[in-house]
>>> print(open('model-v3.txt').read())   # compact mmCIF, C-alpha atoms and all ligand atoms
# COMPACT_ATOMS: atom_id res chain seq x y z
CA MET A 1 76.19 -27.02 -94.38
CA PRO A 2 73.65 -24.66 -96.02
CA GLN A 3 70.61 -23.45 -94.13
CA ASN A 4 67.59 -25.75 -94.38
CA ILE A 5 64.81 -23.31 -93.54
CA TYR A 6 62.06 -25.28 -95.31
CA ASP A 7 62.27 -27.92 -92.55
CA ASN A 8 61.43 -25.30 -89.92
CA PRO A 9 57.77 -26.16 -89.07
CA GLU A 10 56.61 -22.52 -88.89
CA PHE A 11 58.33 -21.61 -92.15
CA PHE A 12 57.02 -24.75 -93.84
CA ALA A 13 53.44 -23.98 -92.75
CA GLY A 14 53.70 -20.40 -94.05
CA TYR A 15 55.28 -21.42 -97.34
CA SER A 16 52.78 -24.26 -97.90
CA ALA A 17 49.85 -21.87 -97.32
CA LEU A 18 51.37 -19.43 -99.83
CA ARG A 19 51.68 -22.15 -102.47
CA GLU A 20 48.04 -23.09 -102.02
CA LYS A 21 46.91 -19.59 -103.05
CA ASP A 22 45.95 -19.12 -106.70
CA LEU A 23 47.78 -15.81 -106.97
CA ASN A 24 51.23 -16.99 -105.90
CA ALA A 25 54.38 -16.09 -107.80
CA ASN A 26 54.87 -19.63 -109.09
CA ASN A 27 51.49 -19.64 -110.81
CA LEU A 28 51.64 -16.02 -111.96
CA ILE A 29 55.19 -15.69 -113.23
CA VAL A 30 57.30 -18.83 -112.90
CA ARG A 31 55.14 -21.43 -114.61
CA PRO A 32 54.04 -19.31 -117.62
CA HIS A 33 57.62 -18.38 -118.46
CA LEU A 34 59.69 -21.33 -117.29
CA LEU A 35 57.95 -24.12 -119.16
CA PRO A 36 58.44 -22.54 -122.62
CA LEU A 37 62.08 -21.89 -121.71
CA VAL A 38 62.54 -25.56 -120.75
CA GLY A 39 60.93 -26.65 -124.02
CA ASP A 40 60.63 -30.22 -125.26
CA VAL A 41 61.82 -32.75 -122.67
CA GLN A 42 61.00 -35.89 -124.64
CA GLY A 43 63.54 -38.63 -123.92
CA LEU A 44 65.76 -36.50 -121.68
CA ASP A 45 67.43 -37.39 -118.39
CA VAL A 46 66.72 -34.45 -116.10
CA LEU A 47 67.79 -33.16 -112.70
CA ASP A 48 65.45 -30.79 -110.79
CA MET A 49 67.66 -29.04 -108.20
CA GLY A 50 65.75 -27.75 -105.20
CA CYS A 51 62.68 -29.64 -106.40
CA GLY A 52 60.57 -28.83 -103.33
CA ALA A 53 57.21 -30.61 -103.47
CA GLY A 54 58.05 -31.94 -106.92
CA GLU A 55 55.63 -29.97 -109.11
CA LEU A 56 58.18 -29.41 -111.89
CA SER A 57 59.71 -32.89 -111.53
CA ARG A 58 56.28 -34.43 -112.17
CA TRP A 59 55.67 -32.11 -115.11
CA LEU A 60 58.98 -33.22 -116.62
CA VAL A 61 58.25 -36.95 -116.51
CA ASP A 62 54.59 -36.43 -117.46
CA GLY A 63 55.90 -34.42 -120.42
CA GLY A 64 58.02 -37.30 -121.70
CA ALA A 65 61.37 -37.05 -119.93
CA LYS A 66 63.08 -40.45 -119.87
CA SER A 67 63.99 -39.99 -116.22
CA ALA A 68 63.98 -37.25 -113.62
CA VAL A 69 65.81 -36.86 -110.34
CA GLY A 70 64.36 -34.40 -107.84
CA MET A 71 66.89 -33.21 -105.30
CA ASP A 72 66.23 -31.12 -102.21
CA VAL A 73 67.80 -30.39 -98.85
CA SER A 74 64.41 -30.37 -97.08
CA GLU A 75 62.92 -33.63 -95.82
CA ARG A 76 59.52 -31.98 -95.38
CA MET A 77 59.43 -30.83 -98.99
CA LEU A 78 60.54 -34.24 -100.23
CA ALA A 79 57.87 -35.95 -98.12
CA GLU A 80 55.27 -33.82 -99.95
CA ALA A 81 56.83 -34.71 -103.29
CA GLU A 82 56.79 -38.42 -102.55
CA GLN A 83 53.03 -38.35 -102.05
CA GLN A 84 52.63 -38.14 -105.83
CA PRO A 85 55.06 -40.75 -107.16
CA ARG A 86 55.81 -41.37 -110.79
CA GLU A 87 57.65 -44.18 -112.51
CA SER A 88 61.07 -42.93 -113.65
CA LEU A 89 61.05 -40.13 -111.05
CA THR A 90 63.35 -40.53 -108.06
CA TYR A 91 64.07 -38.15 -105.23
CA ILE A 92 67.33 -37.66 -103.39
CA HIS A 93 67.83 -35.90 -100.12
CA SER A 94 70.87 -33.67 -100.51
CA SER A 95 71.93 -30.09 -100.66
CA ALA A 96 72.95 -28.90 -104.10
CA GLU A 97 76.39 -28.14 -102.68
CA ASP A 98 76.91 -31.73 -101.45
CA ALA A 99 75.30 -33.62 -104.33
CA SER A 100 77.53 -35.77 -106.46
CA PHE A 101 76.83 -37.67 -109.65
CA GLU A 102 78.97 -39.70 -111.96
CA SER A 103 80.00 -37.38 -114.74
CA ASP A 104 77.59 -36.49 -117.55
CA PRO A 105 74.38 -38.16 -116.32
CA PHE A 106 71.94 -35.42 -117.43
CA ASP A 107 70.69 -33.77 -120.62
CA LEU A 108 68.92 -31.03 -118.68
CA VAL A 109 69.32 -29.49 -115.23
CA VAL A 110 66.52 -27.24 -114.03
CA SER A 111 66.29 -25.19 -110.86
CA VAL A 112 63.38 -23.05 -109.72
CA LEU A 113 63.86 -20.46 -106.99
CA MET A 114 66.80 -22.16 -105.29
CA LEU A 115 69.98 -20.47 -106.53
CA HIS A 116 69.53 -17.43 -104.24
CA TYR A 117 70.11 -19.83 -101.31
CA ILE A 118 73.57 -20.80 -102.63
CA GLU A 119 76.59 -19.03 -101.17
CA ASP A 120 79.26 -20.18 -103.64
CA ILE A 121 77.51 -19.91 -106.99
CA ARG A 122 80.64 -20.21 -109.12
CA THR A 123 81.55 -23.63 -107.72
CA LEU A 124 78.00 -24.92 -108.08
CA LEU A 125 77.78 -23.77 -111.71
CA GLU A 126 81.10 -25.48 -112.46
CA ARG A 127 79.74 -28.70 -110.94
CA ILE A 128 76.44 -28.49 -112.85
CA TYR A 129 78.50 -28.17 -116.04
CA THR A 130 80.23 -31.50 -115.25
CA TRP A 131 76.86 -33.22 -114.71
CA LEU A 132 75.62 -32.27 -118.19
CA ARG A 133 76.25 -34.20 -121.38
CA PRO A 134 77.74 -32.23 -124.28
CA GLY A 135 75.10 -29.76 -125.46
CA GLY A 136 73.02 -30.31 -122.33
CA ARG A 137 71.12 -27.36 -120.90
CA PHE A 138 70.79 -25.61 -117.58
CA VAL A 139 67.51 -23.70 -117.16
CA PHE A 140 66.74 -21.79 -114.00
CA CYS A 141 64.91 -18.97 -112.37
CA MET A 142 65.93 -17.25 -109.16
CA GLU A 143 64.95 -14.19 -107.19
CA HIS A 144 66.06 -11.22 -109.23
CA PRO A 145 69.11 -9.32 -107.91
CA VAL A 146 66.90 -6.23 -107.74
CA MET A 147 64.83 -8.15 -105.18
CA THR A 148 67.65 -9.68 -103.14
CA ALA A 149 69.81 -6.53 -102.94
CA GLY A 150 67.88 -4.81 -100.15
CA GLN A 151 66.50 -7.85 -98.33
CA GLY A 152 66.91 -7.55 -94.59
CA ILE A 153 68.01 -3.93 -95.05
CA VAL A 154 64.95 -2.15 -96.37
CA GLU A 155 61.62 -3.88 -95.88
CA PRO A 156 59.06 -3.53 -97.21
CA GLY A 157 60.77 -2.42 -100.40
CA TRP A 158 57.86 -0.40 -101.79
CA ILE A 159 57.84 3.34 -101.12
CA THR A 160 55.24 5.90 -102.14
CA HIS A 161 56.76 7.97 -104.89
CA ASP A 162 54.42 10.96 -104.96
CA ASP A 163 50.90 12.10 -104.07
CA SER A 164 49.42 10.16 -106.99
CA GLY A 165 50.04 7.01 -105.02
CA LEU A 166 52.67 5.80 -107.45
CA LYS A 167 54.91 3.28 -105.73
CA ALA A 168 58.58 2.80 -106.39
CA TRP A 169 60.82 -0.12 -105.52
CA THR A 170 63.78 0.69 -103.31
CA LEU A 171 67.07 -0.56 -104.68
CA LEU A 172 69.82 -0.48 -102.09
CA ARG A 173 73.29 -2.06 -101.87
CA TYR A 174 73.02 -3.57 -105.34
CA SER A 175 76.78 -3.87 -105.77
CA ASP A 176 77.44 -5.27 -102.28
CA GLU A 177 77.19 -8.98 -102.93
CA GLY A 178 76.78 -11.47 -100.12
CA LYS A 179 74.57 -12.71 -97.34
CA ARG A 180 71.15 -11.23 -96.66
CA VAL A 181 69.20 -12.24 -93.57
CA SER A 182 65.53 -11.34 -93.57
CA HIS A 183 62.14 -12.18 -92.12
CA TRP A 184 59.99 -14.39 -94.35
CA PHE A 185 57.46 -16.32 -92.22
CA VAL A 186 60.23 -16.56 -89.58
CA ASP A 187 63.28 -14.53 -88.65
CA GLY A 188 66.72 -15.47 -89.89
CA VAL A 189 66.05 -16.58 -93.47
CA VAL A 190 69.41 -16.57 -95.25
CA LYS A 191 69.77 -15.78 -98.94
CA TYR A 192 72.72 -14.61 -101.03
CA HIS A 193 72.59 -11.52 -103.19
CA ARG A 194 74.66 -11.31 -106.34
CA THR A 195 74.44 -9.07 -109.36
CA THR A 196 73.19 -10.04 -112.80
CA GLU A 197 76.74 -9.43 -114.03
CA THR A 198 78.06 -12.09 -111.65
CA MET A 199 75.42 -14.60 -112.71
CA VAL A 200 76.09 -14.07 -116.42
CA ASN A 201 79.87 -14.14 -116.12
CA SER A 202 79.90 -17.13 -113.74
CA LEU A 203 77.90 -19.11 -116.29
CA ILE A 204 80.24 -18.11 -119.11
CA ASP A 205 83.34 -18.90 -117.01
CA ALA A 206 81.90 -22.33 -116.13
CA GLY A 207 81.67 -23.16 -119.85
CA PHE A 208 78.05 -22.32 -120.63
CA ARG A 209 76.73 -20.40 -123.61
CA ILE A 210 73.78 -18.28 -122.56
CA GLU A 211 70.78 -18.89 -124.82
CA ARG A 212 68.16 -16.66 -123.22
CA LEU A 213 67.68 -14.27 -120.30
CA LEU A 214 64.20 -13.23 -119.13
CA GLU A 215 62.96 -10.67 -116.59
CA PRO A 216 59.26 -11.28 -117.07
CA HIS A 217 56.23 -9.70 -115.44
CA VAL A 218 52.79 -11.12 -114.80
CA PRO A 219 51.09 -12.17 -118.07
CA GLU A 220 48.46 -9.68 -119.25
CA GLU A 221 45.55 -12.07 -118.83
CA PHE A 222 46.24 -12.15 -115.07
CA GLU A 223 46.75 -8.37 -114.94
CA GLN A 224 43.35 -7.85 -116.51
CA GLN A 225 41.71 -10.04 -113.88
CA HIS A 226 43.73 -8.49 -111.02
CA PRO A 227 44.76 -4.89 -111.87
CA GLU A 228 46.76 -4.61 -108.62
CA LEU A 229 49.28 -6.99 -110.20
CA ARG A 230 50.32 -4.27 -112.69
CA ARG A 231 52.64 -2.88 -110.04
CA GLU A 232 54.83 -5.95 -110.60
CA ARG A 233 55.97 -4.17 -113.79
CA GLU A 234 57.87 -1.66 -111.64
CA ARG A 235 60.66 -4.15 -110.98
CA PRO A 236 61.62 -7.64 -112.11
CA ASN A 237 60.77 -10.30 -109.53
CA PHE A 238 62.73 -13.11 -111.08
CA LEU A 239 65.72 -13.70 -113.32
CA PHE A 240 65.38 -16.61 -115.76
CA MET A 241 68.14 -17.99 -117.92
CA SER A 242 68.77 -20.92 -120.16
CA ALA A 243 72.34 -21.90 -120.95
CA LYS A 244 73.96 -24.64 -122.97
CA ALA A 245 77.01 -26.65 -121.86
CA GLU A 246 79.59 -26.14 -124.60
CA LYS A 247 81.79 -29.26 -124.52
C1 LIG B 1 61.11 -21.66 -103.17
S1 LIG B 1 61.30 -23.40 -102.97
C2 LIG B 1 61.05 -23.92 -104.63
C3 LIG B 1 60.66 -25.37 -104.75
C4 LIG B 1 60.43 -25.85 -106.16
N1 LIG B 1 61.60 -25.67 -107.00
C5 LIG B 1 59.24 -25.17 -106.76
O1 LIG B 1 59.41 -24.24 -107.56
O2 LIG B 1 58.11 -25.51 -106.41
C6 LIG B 1 63.04 -23.58 -102.75
C7 LIG B 1 63.49 -25.01 -102.53
O3 LIG B 1 64.91 -25.04 -102.57
C8 LIG B 1 65.34 -25.92 -101.55
N2 LIG B 1 66.72 -25.55 -101.20
C9 LIG B 1 67.15 -24.43 -100.59
N3 LIG B 1 68.48 -24.45 -100.44
C10 LIG B 1 68.90 -25.62 -100.99
C11 LIG B 1 70.18 -26.22 -101.16
N4 LIG B 1 71.27 -25.60 -100.74
N5 LIG B 1 70.24 -27.42 -101.77
C12 LIG B 1 69.12 -28.05 -102.20
N6 LIG B 1 67.89 -27.55 -102.06
C13 LIG B 1 67.78 -26.33 -101.46
C14 LIG B 1 64.36 -25.71 -100.42
O4 LIG B 1 64.39 -26.77 -99.48
C15 LIG B 1 63.05 -25.58 -101.18
O5 LIG B 1 62.42 -26.83 -101.37
>>> encode(input="model-v3.txt", output="structure tokens", more="lines below")
Ligand SMILES: C[S@@+](CC[C@H](N)C(=O)[O-])C[C@H]1O[C@@H](n2cnc3c(N)ncnc32)[C@H](O)[C@@H]1O
Amino acid sequence: MPQNIYDNPEFFAGYSALREKDLNANNLIVRPHLLPLVGDVQGLDVLDMGCGAGELSRWLVDGGAKSAVGMDVSERMLAEAEQQPRESLTYIHSSAEDASFESDPFDLVVSVLMLHYIEDIRTLLERIYTWLRPGGRFVFCMEHPVMTAGQGIVEPGWITHDDSGLKAWTLLRYSDEGKRVSHWFVDGVVKYHRTTETMVNSLIDAGFRIERLLEPHVPEEFEQQHPELRRERERPNFLFMSAKAEK
């Protein structure tokens, strides 16, 4: 059974407060880059894995998807999502690891900031492949391996590089894949670090053809308004990929 930290009341309160801020990572980096990568969803049957409060699930059906299923392990997150219902959008309470669908029900599987919570990524990618129709796509973003590598080992990751005040990001234990336990709102938050090489090769081995890989930074318009955000160029926060199920 995977960890379900989003149902911890203290964690949930901290995470919800973060999401209410204008300058959160979802608004600054995820949304501007993910939506173009997802592209046209008209008429598609879609699964949003780790849907959280359902922001992307709603965007998918509002954008013309024929149906969307939002899936999440957290009852608190799903309760938030269900406050803004949509026709043709259903939610299921399940971990990604335990979810099962009759074969080929989806044209598109999306997942935002959930895959770094998955211990056995190879098995999950193989299962996602079976849920996709021929030519269906898997589009995701996750915490970048450069971010997960040192979590719980070196925090905070920023160090002062020299007297100019230049900051550098500490990269430690990049090649040591596996569990990372860190403090994020509460102690004991479990994530799994794996290299970009493992992500790319696990997708290929599962039968996907990689279409695009992104390591984006904050769009310039936001940097101009908030110059402190330029430091996000020092390291990639998130890894985005889109991949097609070759069948
Ligand atoms: C950072 S939140 C992102 C939520 C949403 N995708 C978004 O971008 O707004 C991560 C979500 O993944 C869910 N999650 C974590 N591990 C999971 C698992 N093993 N199976 C399903 N959902 C999981 C959490 O409950 C949480 O809602």
>>> closest_residue(input="model-v3.txt", among="A:Met77, A:Ala17, A:Cys141, A:Leu44", to="ligand LIG 1 (chain B)", atoms="only C-alpha atoms and all ligand atoms")
A:Met77
>>> closest_residue(input="model-v3.txt", among="A:Asn27, A:Ser74, A:Ser103, A:Asn201", to="ligand LIG 1 (chain B)", atoms="all atoms listed in the file")
A:Ser74
>>> residues_near_point(input="model-v3.txt", point="(73.2, -25.0, -115.3)", cutoff="8 Å", atoms="only C-alpha atoms", output="list in words")
Val109, Val110, Leu125, Ile128, Tyr129, Arg137, Phe138, Val139, Phe140, Leu203, Phe208, Ser242, Ala243, Lys244 and Ala245 of chain A
>>> residues_around(input="model-v3.txt", residues="Leu132 of chain A", least_positions_apart="6", cutoff="6 Å", atoms="all atoms listed in the file", output="ChimeraX atom specification")
/A:104,106-107
>>> write_last_selection(input="model-v3.txt", atoms="C-alpha atoms", output="PDB file, keeping the file's coordinate frame")
ATOM      1  CA  ASP A 104      77.590 -36.490-117.550  1.00  0.00           C
ATOM      2  CA  PHE A 106      71.940 -35.420-117.430  1.00  0.00           C
ATOM      3  CA  ASP A 107      70.690 -33.770-120.620  1.00  0.00           C
TER       4      ASP A 107
END
>>> closest_atom_pairs(input="model-v3.txt", of="segment 131-208 of chain A", to="segment 8-12 of chain A", cutoff="8 Å", atoms="only C-alpha atoms", output="tab-separated table")
residue	atom	partner	partner_atom	distance
A:Trp184	CA	A:Phe11	CA	7.7
A:Phe185	CA	A:Phe11	CA	5.4
A:Val186	CA	A:Phe11	CA	6.0
>>> write_last_selection(input="model-v3.txt", atoms="C-alpha atoms", output="PDB file, in the frame of the given file")
ATOM      1  CA  TRP A 184      59.990 -14.390 -94.350  1.00  0.00           C
ATOM      2  CA  PHE A 185      57.460 -16.320 -92.220  1.00  0.00           C
ATOM      3  CA  VAL A 186      60.230 -16.560 -89.580  1.00  0.00           C
TER       4      VAL A 186
END
>>> residues_near_ligand(input="model-v3.txt", ligand="ligand LIG 1 (chain B)", cutoff="6 Å", atoms="only C-alpha atoms and all ligand atoms", output="list in words")
Pro2, Tyr6, Gly50, Cys51, Gly52, Ala53, Glu55, Asp72, Val73, Ser74, Met77, Ser95, Ala96, Val112, Leu113, Met114, Tyr117 and Ile118 of chain A
>>> atom_distance(input="model-v3.txt", atom1="atom CA of Gln42 of chain A", atom2="atom CA of Arg58 of chain A")
13.4 Å
>>> closest_residue(input="model-v3.txt", among="A:Pro156, A:Pro216, A:Pro227, A:Pro145", to="Ala25 of chain A", atoms="only C-alpha atoms")
A:Pro216
>>> atom_distance(input="model-v3.txt", atom1="atom CA of Leu213 of chain A", atom2="atom CA of Arg127 of chain A")
21.0 Å
>>> closest_residue(input="model-v3.txt", among="A:Gly152, A:Pro85, A:Gly188, A:Gly165", to="Asp62 of chain A", atoms="all atoms listed in the file")
A:Pro85
>>> residues_around(input="model-v3.txt", residues="His33 of chain A", least_positions_apart="6", cutoff="10 Å", atoms="all atoms listed in the file", output="list of chain:residue names")
A:Asn26, A:Asn27, A:Cys141, A:Leu214, A:Glu215, A:Pro216, A:His217, A:Val218, A:Pro219, A:Phe240
>>> closest_residue(input="model-v3.txt", among="A:Leu239, A:Leu18, A:Val41, A:Ala81", to="Leu115 of chain A", atoms="all atoms listed in the file")
A:Leu239
>>> atom_distance(input="model-v3.txt", atom1="atom CA of Ala168 of chain A", atom2="atom CA of Arg235 of chain A")
8.6 Å
>>> closest_residue(input="model-v3.txt", among="A:Leu229, A:Ile159, A:Met71, A:Ile5", to="His183 of chain A", atoms="only C-alpha atoms")
A:Ile5
>>> residues_around(input="model-v3.txt", residues="Leu172 of chain A", least_positions_apart="3", cutoff="8 Å", atoms="all atoms listed in the file", output="number ranges by chain")
A: 149-150, 154
>>> residues_around(input="model-v3.txt", residues="Arg194 of chain A", least_positions_apart="5", cutoff="12 Å", atoms="all atoms listed in the file", output="compact mmCIF listing (two decimals) with C-alpha atoms, in the frame of the given file")
# COMPACT_ATOMS: atom_id res chain seq x y z
CA LEU A 115 69.98 -20.47 -106.53
CA HIS A 116 69.53 -17.43 -104.24
CA TYR A 117 70.11 -19.83 -101.31
CA ILE A 118 73.57 -20.80 -102.63
CA GLU A 119 76.59 -19.03 -101.17
CA ASP A 120 79.26 -20.18 -103.64
CA ILE A 121 77.51 -19.91 -106.99
CA ARG A 122 80.64 -20.21 -109.12
CA MET A 142 65.93 -17.25 -109.16
CA GLU A 143 64.95 -14.19 -107.19
CA HIS A 144 66.06 -11.22 -109.23
CA PRO A 145 69.11 -9.32 -107.91
CA VAL A 146 66.90 -6.23 -107.74
CA MET A 147 64.83 -8.15 -105.18
CA THR A 148 67.65 -9.68 -103.14
CA ALA A 149 69.81 -6.53 -102.94
CA GLY A 150 67.88 -4.81 -100.15
CA GLN A 151 66.50 -7.85 -98.33
CA ARG A 173 73.29 -2.06 -101.87
CA TYR A 174 73.02 -3.57 -105.34
CA SER A 175 76.78 -3.87 -105.77
CA ASP A 176 77.44 -5.27 -102.28
CA GLU A 177 77.19 -8.98 -102.93
CA GLY A 178 76.78 -11.47 -100.12
CA LYS A 179 74.57 -12.71 -97.34
CA ARG A 180 71.15 -11.23 -96.66
CA MET A 199 75.42 -14.60 -112.71
CA VAL A 200 76.09 -14.07 -116.42
CA ASN A 201 79.87 -14.14 -116.12
CA SER A 202 79.90 -17.13 -113.74
CA LEU A 239 65.72 -13.70 -113.32
>>> residues_near_point(input="model-v3.txt", point="(65.2, -38.7, -119.4)", cutoff="12 Å", atoms="all atoms listed in the file", output="ChimeraX atom specification")
/A:40-48,57,60-69,87-90,105-109,136
>>> write_last_selection(input="model-v3.txt", atoms="C-alpha atoms", output="PDB file, in the coordinates of the input")
ATOM      1  CA  ASP A  40      60.630 -30.220-125.260  1.00  0.00           C
ATOM      2  CA  VAL A  41      61.820 -32.750-122.670  1.00  0.00           C
ATOM      3  CA  GLN A  42      61.000 -35.890-124.640  1.00  0.00           C
ATOM      4  CA  GLY A  43      63.540 -38.630-123.920  1.00  0.00           C
ATOM      5  CA  LEU A  44      65.760 -36.500-121.680  1.00  0.00           C
ATOM      6  CA  ASP A  45      67.430 -37.390-118.390  1.00  0.00           C
ATOM      7  CA  VAL A  46      66.720 -34.450-116.100  1.00  0.00           C
ATOM      8  CA  LEU A  47      67.790 -33.160-112.700  1.00  0.00           C
ATOM      9  CA  ASP A  48      65.450 -30.790-110.790  1.00  0.00           C
ATOM     10  CA  SER A  57      59.710 -32.890-111.530  1.00  0.00           C
ATOM     11  CA  LEU A  60      58.980 -33.220-116.620  1.00  0.00           C
ATOM     12  CA  VAL A  61      58.250 -36.950-116.510  1.00  0.00           C
ATOM     13  CA  ASP A  62      54.590 -36.430-117.460  1.00  0.00           C
ATOM     14  CA  GLY A  63      55.900 -34.420-120.420  1.00  0.00           C
ATOM     15  CA  GLY A  64      58.020 -37.300-121.700  1.00  0.00           C
ATOM     16  CA  ALA A  65      61.370 -37.050-119.930  1.00  0.00           C
ATOM     17  CA  LYS A  66      63.080 -40.450-119.870  1.00  0.00           C
ATOM     18  CA  SER A  67      63.990 -39.990-116.220  1.00  0.00           C
ATOM     19  CA  ALA A  68      63.980 -37.250-113.620  1.00  0.00           C
ATOM     20  CA  VAL A  69      65.810 -36.860-110.340  1.00  0.00           C
ATOM     21  CA  GLU A  87      57.650 -44.180-112.510  1.00  0.00           C
ATOM     22  CA  SER A  88      61.070 -42.930-113.650  1.00  0.00           C
ATOM     23  CA  LEU A  89      61.050 -40.130-111.050  1.00  0.00           C
ATOM     24  CA  THR A  90      63.350 -40.530-108.060  1.00  0.00           C
ATOM     25  CA  PRO A 105      74.380 -38.160-116.320  1.00  0.00           C
ATOM     26  CA  PHE A 106      71.940 -35.420-117.430  1.00  0.00           C
ATOM     27  CA  ASP A 107      70.690 -33.770-120.620  1.00  0.00           C
ATOM     28  CA  LEU A 108      68.920 -31.030-118.680  1.00  0.00           C
ATOM     29  CA  VAL A 109      69.320 -29.490-115.230  1.00  0.00           C
ATOM     30  CA  GLY A 136      73.020 -30.310-122.330  1.00  0.00           C
TER      31      GLY A 136
END
>>> build_atoms(input="model-v3.txt", residues="segment 101-120 of chain A", atoms="N, CA and C atoms", output="CSV table (one decimal), keeping the file's coordinate frame")
chain,number,residue,atom,x,y,z
A,101,PHE,N,77.3,-36.7,-108.6
A,101,PHE,CA,76.8,-37.7,-109.6
A,101,PHE,C,78.0,-38.1,-110.5
A,102,GLU,N,77.9,-39.3,-111.0
A,102,GLU,CA,79.0,-39.7,-112.0
A,102,GLU,C,78.9,-38.7,-113.1
A,103,SER,N,80.0,-38.5,-113.8
A,103,SER,CA,80.0,-37.4,-114.7
A,103,SER,C,79.0,-37.6,-115.9
A,104,ASP,N,78.5,-36.5,-116.4
A,104,ASP,CA,77.6,-36.5,-117.6
A,104,ASP,C,76.3,-37.3,-117.4
A,105,PRO,N,75.6,-37.3,-116.3
A,105,PRO,CA,74.4,-38.2,-116.3
A,105,PRO,C,73.1,-37.5,-116.9
A,106,PHE,N,73.2,-36.1,-117.1
A,106,PHE,CA,71.9,-35.4,-117.4
A,106,PHE,C,72.0,-34.7,-118.8
A,107,ASP,N,70.8,-34.6,-119.4
A,107,ASP,CA,70.7,-33.8,-120.6
A,107,ASP,C,70.2,-32.4,-120.2
A,108,LEU,N,69.6,-32.3,-119.1
A,108,LEU,CA,68.9,-31.0,-118.7
A,108,LEU,C,69.0,-30.9,-117.2
A,109,VAL,N,69.4,-29.8,-116.7
A,109,VAL,CA,69.3,-29.5,-115.2
A,109,VAL,C,68.4,-28.3,-115.1
A,110,VAL,N,67.4,-28.4,-114.3
A,110,VAL,CA,66.5,-27.2,-114.0
A,110,VAL,C,66.6,-26.9,-112.5
A,111,SER,N,66.3,-25.6,-112.3
A,111,SER,CA,66.3,-25.2,-110.9
A,111,SER,C,65.4,-24.0,-110.7
A,112,VAL,N,64.4,-24.1,-109.9
A,112,VAL,CA,63.4,-23.0,-109.7
A,112,VAL,C,63.5,-22.5,-108.3
A,113,LEU,N,63.9,-21.2,-108.2
A,113,LEU,CA,63.9,-20.5,-107.0
A,113,LEU,C,64.7,-21.1,-105.9
A,114,MET,N,65.9,-21.6,-106.3
A,114,MET,CA,66.8,-22.2,-105.3
A,114,MET,C,68.2,-21.5,-105.3
A,115,LEU,N,68.6,-20.9,-106.4
A,115,LEU,CA,70.0,-20.5,-106.5
A,115,LEU,C,70.3,-19.3,-105.6
A,116,HIS,N,69.3,-18.5,-105.2
A,116,HIS,CA,69.5,-17.4,-104.2
A,116,HIS,C,69.8,-17.9,-102.8
A,117,TYR,N,69.7,-19.3,-102.6
A,117,TYR,CA,70.1,-19.8,-101.3
A,117,TYR,C,71.6,-20.3,-101.3
A,118,ILE,N,72.2,-20.2,-102.5
A,118,ILE,CA,73.6,-20.8,-102.6
A,118,ILE,C,74.6,-19.7,-102.4
A,119,GLU,N,75.5,-20.0,-101.5
A,119,GLU,CA,76.6,-19.0,-101.2
A,119,GLU,C,77.7,-19.0,-102.3
A,120,ASP,N,78.2,-20.1,-102.7
A,120,ASP,CA,79.3,-20.2,-103.6
A,120,ASP,C,78.7,-20.6,-105.0
